[in-house]
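Next up, start26.csv (CSV, N, CA and C atoms and all ligand atoms):
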```csv
chain,number,residue,atom,x,y,z
A,1,MET,N,123.5,107.5,101.9
A,1,MET,CA,124.2,107.0,103.1
A,1,MET,C,124.8,105.6,102.8
A,2,ILE,N,126.1,105.5,102.8
A,2,ILE,CA,126.8,104.3,102.4
A,2,ILE,C,126.4,103.1,103.3
A,3,PHE,N,126.3,103.4,104.6
A,3,PHE,CA,126.0,102.3,105.6
A,3,PHE,C,124.7,101.6,105.2
A,4,LYS,N,123.6,102.4,105.0
A,4,LYS,CA,122.3,101.9,104.7
A,4,LYS,C,122.3,101.1,103.4
A,5,LYS,N,123.1,101.6,102.4
A,5,LYS,CA,123.1,100.9,101.1
A,5,LYS,C,123.8,99.6,101.3
A,6,PHE,N,124.6,99.4,102.2
A,6,PHE,CA,125.3,98.2,102.4
A,6,PHE,C,124.4,97.2,103.2
A,7,ILE,N,123.7,97.7,104.2
A,7,ILE,CA,122.9,96.9,105.1
A,7,ILE,C,121.7,96.3,104.5
A,8,GLU,N,121.0,97.1,103.7
A,8,GLU,CA,119.8,96.6,103.1
A,8,GLU,C,120.0,95.4,102.2
A,9,PRO,N,120.9,95.4,101.3
A,9,PRO,CA,121.1,94.2,100.4
A,9,PRO,C,121.6,93.0,101.3
A,10,LEU,N,122.3,93.3,102.3
A,10,LEU,CA,122.8,92.2,103.2
A,10,LEU,C,121.6,91.5,103.9
A,11,GLN,N,120.7,92.4,104.4
A,11,GLN,CA,119.5,91.8,105.1
A,11,GLN,C,118.6,91.0,104.1
A,12,PHE,N,118.5,91.6,102.9
A,12,PHE,CA,117.7,90.9,101.8
A,12,PHE,C,118.4,89.5,101.5
A,13,TRP,N,119.7,89.5,101.4
A,13,TRP,CA,120.4,88.3,101.1
A,13,TRP,C,120.2,87.3,102.3
A,14,LEU,N,120.3,87.7,103.5
A,14,LEU,CA,120.1,86.8,104.7
A,14,LEU,C,118.7,86.2,104.6
A,15,LEU,N,117.7,87.1,104.4
A,15,LEU,CA,116.3,86.5,104.4
A,15,LEU,C,116.1,85.5,103.2
A,16,SER,N,116.8,85.8,102.1
A,16,SER,CA,116.7,84.9,100.9
A,16,SER,C,117.3,83.5,101.3
A,17,GLN,N,118.3,83.6,102.2
A,17,GLN,CA,118.9,82.3,102.7
A,17,GLN,C,118.1,81.7,103.9
A,18,ARG,N,116.9,82.3,104.2
A,18,ARG,CA,116.1,81.9,105.3
A,18,ARG,C,116.8,82.0,106.6
A,19,ARG,N,117.5,83.1,106.7
A,19,ARG,CA,118.2,83.4,108.0
A,19,ARG,C,117.8,84.7,108.6
A,20,CYS,N,117.8,84.8,109.9
A,20,CYS,CA,117.5,86.0,110.6
A,20,CYS,C,118.4,87.2,110.2
A,21,VAL,N,117.9,88.3,109.9
A,21,VAL,CA,118.7,89.5,109.5
A,21,VAL,C,119.5,90.0,110.6
A,22,GLY,N,119.1,89.7,111.9
A,22,GLY,CA,119.8,90.3,113.0
A,22,GLY,C,120.9,89.4,113.5
A,23,CYS,N,120.7,88.1,113.6
A,23,CYS,CA,121.7,87.2,114.2
A,23,CYS,C,122.2,86.2,113.2
A,24,GLY,N,121.6,86.0,112.1
A,24,GLY,CA,122.0,85.1,111.1
A,24,GLY,C,121.6,83.6,111.3
A,25,LYS,N,120.8,83.4,112.4
A,25,LYS,CA,120.3,82.1,112.7
A,25,LYS,C,119.4,81.5,111.6
A,26,ASP,N,119.4,80.2,111.4
A,26,ASP,CA,118.5,79.6,110.5
A,26,ASP,C,117.1,79.6,111.0
A,27,LEU,N,116.2,80.2,110.3
A,27,LEU,CA,114.8,80.4,110.8
A,27,LEU,C,114.0,79.1,110.8
A,28,LYS,N,114.5,78.1,110.2
A,28,LYS,CA,113.7,76.8,110.3
A,28,LYS,C,113.8,76.3,111.7
A,29,ASP,N,114.7,76.7,112.5
A,29,ASP,CA,114.8,76.3,113.9
A,29,ASP,C,114.1,77.2,114.9
A,30,ALA,N,113.5,78.3,114.4
A,30,ALA,CA,112.8,79.2,115.3
A,30,ALA,C,111.4,78.7,115.6
A,31,PRO,N,111.0,78.9,116.9
A,31,PRO,CA,109.6,78.4,117.3
A,31,PRO,C,108.6,79.2,116.4
A,32,ARG,N,107.5,78.4,116.1
A,32,ARG,CA,106.4,79.0,115.3
A,32,ARG,C,105.2,79.2,116.2
A,33,LYS,N,104.4,80.2,115.8
A,33,LYS,CA,103.1,80.4,116.4
A,33,LYS,C,102.2,80.9,115.4
A,34,THR,N,100.9,80.5,115.4
A,34,THR,CA,100.0,81.0,114.4
A,34,THR,C,99.2,82.2,115.1
A,35,VAL,N,99.3,83.4,114.4
A,35,VAL,CA,98.6,84.5,114.9
A,35,VAL,C,97.7,85.1,113.8
A,36,LYS,N,96.4,85.3,114.0
A,36,LYS,CA,95.5,85.9,113.0
A,36,LYS,C,95.7,85.1,111.7
A,37,GLY,N,95.8,83.8,111.7
A,37,GLY,CA,95.9,83.0,110.5
A,37,GLY,C,97.3,83.0,109.8
A,38,LYS,N,98.2,83.7,110.4
A,38,LYS,CA,99.6,83.7,109.8
A,38,LYS,C,100.5,83.0,110.7
A,39,THR,N,101.5,82.3,110.1
A,39,THR,CA,102.5,81.6,110.9
A,39,THR,C,103.7,82.6,111.1
A,40,LEU,N,103.9,82.8,112.4
A,40,LEU,CA,105.0,83.7,112.7
A,40,LEU,C,106.2,82.8,113.3
A,41,ALA,N,107.4,83.2,112.9
A,41,ALA,CA,108.6,82.5,113.4
A,41,ALA,C,109.3,83.5,114.4
A,42,TYR,N,109.6,83.0,115.6
A,42,TYR,CA,110.2,83.8,116.7
A,42,TYR,C,111.6,83.5,116.8
A,43,CYS,N,112.5,84.4,116.3
A,43,CYS,CA,113.9,84.1,116.5
A,43,CYS,C,114.3,84.4,118.0
A,44,SER,N,115.4,83.7,118.4
A,44,SER,CA,115.8,83.9,119.8
A,44,SER,C,116.4,85.3,120.1
A,45,CYS,N,116.6,86.1,119.0
A,45,CYS,CA,117.1,87.5,119.3
A,45,CYS,C,115.9,88.4,119.3
A,46,LYS,N,114.7,87.9,119.4
A,46,LYS,CA,113.4,88.7,119.5
A,46,LYS,C,112.9,89.3,118.2
A,47,ARG,N,113.5,89.0,117.1
A,47,ARG,CA,113.0,89.4,115.9
A,47,ARG,C,111.9,88.4,115.5
A,48,VAL,N,110.8,88.9,114.8
A,48,VAL,CA,109.7,88.1,114.4
A,48,VAL,C,109.5,88.1,112.9
A,49,TYR,N,109.3,87.0,112.3
A,49,TYR,CA,109.1,86.9,110.9
A,49,TYR,C,107.8,86.2,110.5
A,50,VAL,N,107.3,86.6,109.4
A,50,VAL,CA,106.1,85.9,108.9
A,50,VAL,C,106.5,84.8,107.9
A,51,VAL,N,106.0,83.6,108.1
A,51,VAL,CA,106.4,82.5,107.2
A,51,VAL,C,105.4,82.5,106.0
A,52,GLU,N,105.9,82.7,104.8
A,52,GLU,CA,105.0,82.8,103.7
A,52,GLU,C,105.1,81.6,102.7
A,53,GLY,N,104.9,80.5,103.3
A,53,GLY,CA,104.8,79.3,102.4
A,53,GLY,C,106.2,79.0,101.8
A,54,GLU,N,106.4,77.7,101.4
A,54,GLU,CA,107.6,77.3,100.7
A,54,GLU,C,108.9,77.8,101.5
A,55,GLY,N,108.7,78.0,102.8
A,55,GLY,CA,109.9,78.4,103.6
A,55,GLY,C,110.5,79.8,103.2
A,56,SER,N,109.6,80.7,102.8
A,56,SER,CA,110.1,82.1,102.6
A,56,SER,C,109.6,83.0,103.7
A,57,TYR,N,110.4,83.9,104.1
A,57,TYR,CA,110.2,84.7,105.3
A,57,TYR,C,110.2,86.2,104.9
A,58,ARG,N,109.5,87.0,105.7
A,58,ARG,CA,109.7,88.4,105.7
A,58,ARG,C,109.5,88.9,107.1
A,59,ARG,N,110.0,90.1,107.4
A,59,ARG,CA,109.8,90.7,108.7
A,59,ARG,C,108.4,90.9,109.0
A,60,ALA,N,108.0,90.6,110.2
A,60,ALA,CA,106.6,90.8,110.6
A,60,ALA,C,106.4,92.3,110.9
A,61,LEU,N,105.2,92.8,110.5
A,61,LEU,CA,104.8,94.2,110.8
A,61,LEU,C,104.3,94.3,112.2
A,62,VAL,N,104.4,95.5,112.8
A,62,VAL,CA,104.0,95.6,114.2
A,62,VAL,C,102.5,95.1,114.4
A,63,ASN,N,101.6,95.4,113.5
A,63,ASN,CA,100.2,95.1,113.7
A,63,ASN,C,100.0,93.6,113.5
A,64,GLU,N,101.0,92.8,113.1
A,64,GLU,CA,100.8,91.4,112.9
A,64,GLU,C,101.3,90.7,114.2
A,65,LEU,N,101.9,91.4,115.1
A,65,LEU,CA,102.4,90.8,116.3
A,65,LEU,C,101.4,90.6,117.4
A,66,ALA,N,100.5,91.5,117.5
A,66,ALA,CA,99.5,91.5,118.6
A,66,ALA,C,98.7,90.2,118.4
A,67,SER,N,98.5,89.5,119.5
A,67,SER,CA,97.7,88.2,119.5
A,67,SER,C,96.3,88.5,119.9
B,1,ZN,ZN,117.7,86.4,115.1
```

Just give me the structure as structure tokens.
Ligand SMILES: [Zn+2]
Amino acid sequence: MIFKKFIEPLQFWLLSQRRCVGCGKDLKDAPRKTVKGKTLAYCSCKRVYVVEGEGSYRRALVNELAS
């Protein structure tokens, strides 16, 4: 599927730029909260990321969201 092939590298690139894959916002401005020992970043578009040190981000898994 061409669409998916295009979107996945785009999302990867956005995350490598420390930006939200949904809205492109800089994640350093997103509010942080510590849940189960992990630092989560809450984007204003409702997407949640795990902060993995040195300012790198990945999408949070569903089981990492429950507080
Ligand atoms: Zn966002």

Between A:Pro9, A:Val21, A:Glu64, A:Phe3, which has the minimum distance to Arg47 in chain A (counting all atoms listed in the file)?
-> A:Val21

How close does each residue of chain A get to ligand ZN 1 (chain B), giving the shortest atom pair and distance in Å to one decimal for every residue with an atom at most 8 Å away, counting all atoms listed in the file, sorted by chain and residue number, as a Markdown table?
```
| residue | atom | partner | partner_atom | distance |
| --- | --- | --- | --- | --- |
| A:Arg19 | C | B:ZN1 | ZN | 6.7 |
| A:Cys20 | CA | B:ZN1 | ZN | 4.5 |
| A:Val21 | N | B:ZN1 | ZN | 5.5 |
| A:Gly22 | C | B:ZN1 | ZN | 4.7 |
| A:Cys23 | N | B:ZN1 | ZN | 3.8 |
| A:Gly24 | N | B:ZN1 | ZN | 4.9 |
| A:Lys25 | N | B:ZN1 | ZN | 5.1 |
| A:Asp26 | N | B:ZN1 | ZN | 7.4 |
| A:Leu27 | CA | B:ZN1 | ZN | 7.9 |
| A:Tyr42 | C | B:ZN1 | ZN | 7.0 |
| A:Cys43 | CA | B:ZN1 | ZN | 4.7 |
| A:Ser44 | N | B:ZN1 | ZN | 4.8 |
| A:Cys45 | N | B:ZN1 | ZN | 4.1 |
| A:Lys46 | N | B:ZN1 | ZN | 5.5 |
| A:Arg47 | N | B:ZN1 | ZN | 5.3 |
| A:Val48 | N | B:ZN1 | ZN | 7.3 |
```

Chain A: which residues are strand (DSSP E) by DSSP, as a list in words?
->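 Written out, the strand (DSSP E) residues of chain A are Arg32, Lys33, Thr34, Val35, Lys38, Thr39, Leu40, Ala41, Tyr42, Val48, Tyr49, Val50, Val51, Tyr57, Arg58 and Arg59 of chain A.
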
Would you mind telling me which residue in A:Phe6, A:Lys36, A:Leu61, A:Gln17 lies nearest to Tyr49 in chain A when using all atoms listed in the file?
->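 Of all the options, A:Leu61 lies closest to Tyr49 in chain A.
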
Out of A:Ile2, A:Val51, A:Ala60, A:Phe12, which residue has the shortest atom-to-atom distance to Arg32 in chain A when counting only C-alpha atoms?
-> A:Val51

With all atoms of range 33-50 of chain A from the file as input, state the centre and edge lengths in Å to one decimal of the axis-aligned box that has 4 Å extra on each side, as JSON.
```
{"center_x": 106.3, "center_y": 84.8, "center_z": 114.0, "size_x": 29.6, "size_y": 17.2, "size_z": 20.2}
```

In Å, rounded to a single decimal, give me how far CA of Asn63 in chain A is from CA of Arg18 in chain A.
-> 22.3 Å

Separation of CA of Gly37 in chain A and CA of Glu54 in chain A, in Å?
->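 About the pair CA of Gly37 in chain A and CA of Glu54 in chain A: they are 16.3 Å apart.
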
How far is it from atom C of Ser56 in chain A to atom C of Ile7 in chain A, in Å with one decimal?
->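 Atom C of Ser56 in chain A sits 18.0 Å away from atom C of Ile7 in chain A.
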
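Distance annotation: of A:Leu65, A:Asp29, A:Tyr57, A:Val35, the residue with the minimal separation from Ser16 in chain A is A:Tyr57; atom set is all atoms listed in the file.
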
If you run DSSP on this backbone, which residues of range 11-49 of chain A come out as alpha helix (DSSP H), and could you give them as a ChimeraX atom specification?
-> /A:11-16

Rebuild N, CA, C and O atoms on range 22-48 of chain A, as an mmCIF file, keeping the file's coordinate frame?
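So result16.cif came out as:
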```cif
data_model
loop_
_atom_site.group_PDB
_atom_site.id
_atom_site.type_symbol
_atom_site.label_atom_id
_atom_site.label_comp_id
_atom_site.auth_asym_id
_atom_site.auth_seq_id
_atom_site.Cartn_x
_atom_site.Cartn_y
_atom_site.Cartn_z
ATOM 1 N N GLY A 22 119.100 89.700 111.900
ATOM 2 C CA GLY A 22 119.800 90.300 113.000
ATOM 3 C C GLY A 22 120.900 89.400 113.500
ATOM 4 O O GLY A 22 122.034 89.921 113.768
ATOM 5 N N CYS A 23 120.700 88.100 113.600
ATOM 6 C CA CYS A 23 121.700 87.200 114.200
ATOM 7 C C CYS A 23 122.200 86.200 113.200
ATOM 8 O O CYS A 23 123.157 85.432 113.538
ATOM 9 N N GLY A 24 121.600 86.000 112.100
ATOM 10 C CA GLY A 24 122.000 85.100 111.100
ATOM 11 C C GLY A 24 121.600 83.600 111.300
ATOM 12 O O GLY A 24 122.009 82.740 110.589
ATOM 13 N N LYS A 25 120.800 83.400 112.400
ATOM 14 C CA LYS A 25 120.300 82.100 112.700
ATOM 15 C C LYS A 25 119.400 81.500 111.600
ATOM 16 O O LYS A 25 118.600 82.300 111.055
ATOM 17 N N ASP A 26 119.400 80.200 111.400
ATOM 18 C CA ASP A 26 118.500 79.600 110.500
ATOM 19 C C ASP A 26 117.100 79.600 111.000
ATOM 20 O O ASP A 26 116.853 79.141 112.128
ATOM 21 N N LEU A 27 116.200 80.200 110.300
ATOM 22 C CA LEU A 27 114.800 80.400 110.800
ATOM 23 C C LEU A 27 114.000 79.100 110.800
ATOM 24 O O LEU A 27 112.964 79.106 111.442
ATOM 25 N N LYS A 28 114.500 78.100 110.200
ATOM 26 C CA LYS A 28 113.700 76.800 110.300
ATOM 27 C C LYS A 28 113.800 76.300 111.700
ATOM 28 O O LYS A 28 112.910 75.482 112.096
ATOM 29 N N ASP A 29 114.700 76.700 112.500
ATOM 30 C CA ASP A 29 114.800 76.300 113.900
ATOM 31 C C ASP A 29 114.100 77.200 114.900
ATOM 32 O O ASP A 29 113.994 76.879 116.049
ATOM 33 N N ALA A 30 113.500 78.300 114.400
ATOM 34 C CA ALA A 30 112.800 79.200 115.300
ATOM 35 C C ALA A 30 111.400 78.700 115.600
ATOM 36 O O ALA A 30 110.769 78.080 114.780
ATOM 37 N N PRO A 31 111.000 78.900 116.900
ATOM 38 C CA PRO A 31 109.600 78.400 117.300
ATOM 39 C C PRO A 31 108.600 79.200 116.400
ATOM 40 O O PRO A 31 108.716 80.334 116.116
ATOM 41 N N ARG A 32 107.500 78.400 116.100
ATOM 42 C CA ARG A 32 106.400 79.000 115.300
ATOM 43 C C ARG A 32 105.200 79.200 116.200
ATOM 44 O O ARG A 32 104.959 78.412 117.107
ATOM 45 N N LYS A 33 104.400 80.200 115.800
ATOM 46 C CA LYS A 33 103.100 80.400 116.400
ATOM 47 C C LYS A 33 102.200 80.900 115.400
ATOM 48 O O LYS A 33 102.573 81.775 114.563
ATOM 49 N N THR A 34 100.900 80.500 115.400
ATOM 50 C CA THR A 34 100.000 81.000 114.400
ATOM 51 C C THR A 34 99.200 82.200 115.100
ATOM 52 O O THR A 34 98.605 82.028 116.141
ATOM 53 N N VAL A 35 99.300 83.400 114.400
ATOM 54 C CA VAL A 35 98.600 84.500 114.900
ATOM 55 C C VAL A 35 97.700 85.100 113.800
ATOM 56 O O VAL A 35 98.293 85.407 112.725
ATOM 57 N N LYS A 36 96.400 85.300 114.000
ATOM 58 C CA LYS A 36 95.500 85.900 113.000
ATOM 59 C C LYS A 36 95.700 85.100 111.700
ATOM 60 O O LYS A 36 95.794 85.757 110.591
ATOM 61 N N GLY A 37 95.800 83.800 111.700
ATOM 62 C CA GLY A 37 95.900 83.000 110.500
ATOM 63 C C GLY A 37 97.300 83.000 109.800
ATOM 64 O O GLY A 37 97.419 82.438 108.737
ATOM 65 N N LYS A 38 98.200 83.700 110.400
ATOM 66 C CA LYS A 38 99.600 83.700 109.800
ATOM 67 C C LYS A 38 100.500 83.000 110.700
ATOM 68 O O LYS A 38 100.371 82.960 111.901
ATOM 69 N N THR A 39 101.500 82.300 110.100
ATOM 70 C CA THR A 39 102.500 81.600 110.900
ATOM 71 C C THR A 39 103.700 82.600 111.100
ATOM 72 O O THR A 39 104.279 83.054 110.164
ATOM 73 N N LEU A 40 103.900 82.800 112.400
ATOM 74 C CA LEU A 40 105.000 83.700 112.700
ATOM 75 C C LEU A 40 106.200 82.800 113.300
ATOM 76 O O LEU A 40 105.973 81.792 113.948
ATOM 77 N N ALA A 41 107.400 83.200 112.900
ATOM 78 C CA ALA A 41 108.600 82.500 113.400
ATOM 79 C C ALA A 41 109.300 83.500 114.400
ATOM 80 O O ALA A 41 109.598 84.613 114.035
ATOM 81 N N TYR A 42 109.600 83.000 115.600
ATOM 82 C CA TYR A 42 110.200 83.800 116.700
ATOM 83 C C TYR A 42 111.600 83.500 116.800
ATOM 84 O O TYR A 42 111.967 82.431 117.348
ATOM 85 N N CYS A 43 112.500 84.400 116.300
ATOM 86 C CA CYS A 43 113.900 84.100 116.500
ATOM 87 C C CYS A 43 114.300 84.400 118.000
ATOM 88 O O CYS A 43 113.690 85.164 118.670
ATOM 89 N N SER A 44 115.400 83.700 118.400
ATOM 90 C CA SER A 44 115.800 83.900 119.800
ATOM 91 C C SER A 44 116.400 85.300 120.100
ATOM 92 O O SER A 44 116.496 85.650 121.221
ATOM 93 N N CYS A 45 116.600 86.100 119.000
ATOM 94 C CA CYS A 45 117.100 87.500 119.300
ATOM 95 C C CYS A 45 115.900 88.400 119.300
ATOM 96 O O CYS A 45 116.114 89.635 119.237
ATOM 97 N N LYS A 46 114.700 87.900 119.400
ATOM 98 C CA LYS A 46 113.400 88.700 119.500
ATOM 99 C C LYS A 46 112.900 89.300 118.200
ATOM 100 O O LYS A 46 111.860 89.911 118.238
ATOM 101 N N ARG A 47 113.500 89.000 117.100
ATOM 102 C CA ARG A 47 113.000 89.400 115.900
ATOM 103 C C ARG A 47 111.900 88.400 115.500
ATOM 104 O O ARG A 47 112.021 87.238 115.739
ATOM 105 N N VAL A 48 110.800 88.900 114.800
ATOM 106 C CA VAL A 48 109.700 88.100 114.400
ATOM 107 C C VAL A 48 109.500 88.100 112.900
ATOM 108 O O VAL A 48 109.612 89.229 112.311
#
```
